Structure formats: structure tokens, C-alpha cells
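These notes are about the structure you will find just below.
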Amino acid sequence: MKKHTFKDLSISDLANKERELRGELQMLTLKKRVGQVAKPHRFSEIRRDIARIMTAKRLAQ
């Protein structure tokens, strides 16, 4: 996601999105251990999105 999409979200929406992304990252990690990851580039995308959300939450406070 682009960083401008996070600017319009409320803090509770950001927290929900962060929770969702962390769950997706956890599922990808489990799939990686089994060897079934179809899109390994998603790891870095998700980590970047989580960092963007954390930054947006910090700036919104």
C-alpha cells in the first residue's frame, strides 16, 4: 500500500490494519517453514506496510 492511503485512516483503523498485516506475516512465516510460499516478496512488502502504519499512528497522536 502507498503511504498516502494510511493518512486518511483513523487510529483504530490503523490498529486493525496492523493486526491484519501481522497475522498475514505470521501465516507467511509458517508457510515458509513448510516450503509453500508462492510470493516471497510479500515478506518485505508487509514489513514495510507495518512500519508505515506505525509511523502514521505515531504522527497522528
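Numbering starts fresh at 1 for the residues of each chain in the C-alpha cells, the chains themselves are lettered A, B, ... in the order given, and ligands are numbered from 1 as they appear.
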
For Phe6 in chain A, find every residue with an atom within 12 Å (counting only C-alpha atoms), except residues of its own chain fewer than 6 positions away, and show them as a short mmCIF file (atom, residue, chain, number, x, y, z; two decimals) with N, CA and C atoms, in the first residue's frame.
```
data_model
loop_
_atom_site.label_atom_id
_atom_site.label_comp_id
_atom_site.auth_asym_id
_atom_site.auth_seq_id
_atom_site.Cartn_x
_atom_site.Cartn_y
_atom_site.Cartn_z
N SER A 12 -7.86 3.81 15.14
CA SER A 12 -8.41 2.47 15.33
C SER A 12 -8.36 1.66 14.03
N ASP A 13 -8.58 2.32 12.89
CA ASP A 13 -8.46 1.64 11.60
C ASP A 13 -7.02 1.21 11.34
N LEU A 14 -6.08 2.08 11.71
CA LEU A 14 -4.67 1.75 11.56
C LEU A 14 -4.29 0.55 12.42
N ALA A 15 -4.81 0.52 13.64
CA ALA A 15 -4.52 -0.61 14.54
C ALA A 15 -5.10 -1.91 13.98
N ASN A 16 -6.30 -1.84 13.43
CA ASN A 16 -6.91 -3.04 12.83
C ASN A 16 -6.11 -3.52 11.62
N LYS A 17 -5.68 -2.60 10.78
CA LYS A 17 -4.88 -2.96 9.60
C LYS A 17 -3.54 -3.55 10.01
N GLU A 18 -2.93 -2.97 11.04
CA GLU A 18 -1.66 -3.51 11.53
C GLU A 18 -1.84 -4.93 12.05
N ASP A 49 4.75 -2.10 5.08
CA ASP A 49 3.41 -1.57 5.40
C ASP A 49 3.21 -1.43 6.90
N ILE A 50 3.70 -2.40 7.66
CA ILE A 50 3.59 -2.31 9.12
C ILE A 50 4.37 -1.10 9.63
N ALA A 51 5.55 -0.88 9.09
CA ALA A 51 6.35 0.28 9.50
C ALA A 51 5.64 1.59 9.12
N ARG A 52 5.03 1.63 7.96
CA ARG A 52 4.28 2.83 7.56
C ARG A 52 3.10 3.09 8.49
N ILE A 53 2.41 2.03 8.88
CA ILE A 53 1.28 2.18 9.79
C ILE A 53 1.75 2.67 11.14
N MET A 54 2.84 2.11 11.64
CA MET A 54 3.36 2.55 12.93
C MET A 54 3.77 4.02 12.89
N THR A 55 4.35 4.45 11.80
CA THR A 55 4.72 5.85 11.64
C THR A 55 3.48 6.74 11.60
N ALA A 56 2.47 6.31 10.86
CA ALA A 56 1.23 7.10 10.76
C ALA A 56 0.55 7.21 12.11
N LYS A 57 0.57 6.11 12.89
CA LYS A 57 -0.03 6.15 14.23
C LYS A 57 0.73 7.10 15.14
N ARG A 58 2.05 7.09 15.04
CA ARG A 58 2.86 7.98 15.87
C ARG A 58 2.62 9.44 15.52
N LEU A 59 2.49 9.75 14.24
CA LEU A 59 2.26 11.11 13.80
C LEU A 59 0.85 11.60 14.10
N ALA A 60 -0.11 10.68 14.20
CA ALA A 60 -1.49 11.04 14.45
C ALA A 60 -1.75 11.37 15.91
#
```

Exercise. Would you please give, as an MDAnalysis selection string, all residues of chain A that DSSP assigns to helix (DSSP H, G or I) based on the backbone?
Key: chainID A and resid 3:7 11:34 42:60

Exercise. Could you please determine the separation between CA of Gln61 in chain A and CA of Ile46 in chain A in Å, to one decimal place?
Key: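 A separation of 22.9 Å between them.
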
Quiz prompt | Computed interatomic separation between CA of Arg19 in chain A and CA of Lys7 in chain A (Å) | solution = 17.3 Å

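Rounded to one decimal, CA of His41 in chain A and CA of Gln26 in chain A lie 14.5 Å from each other.
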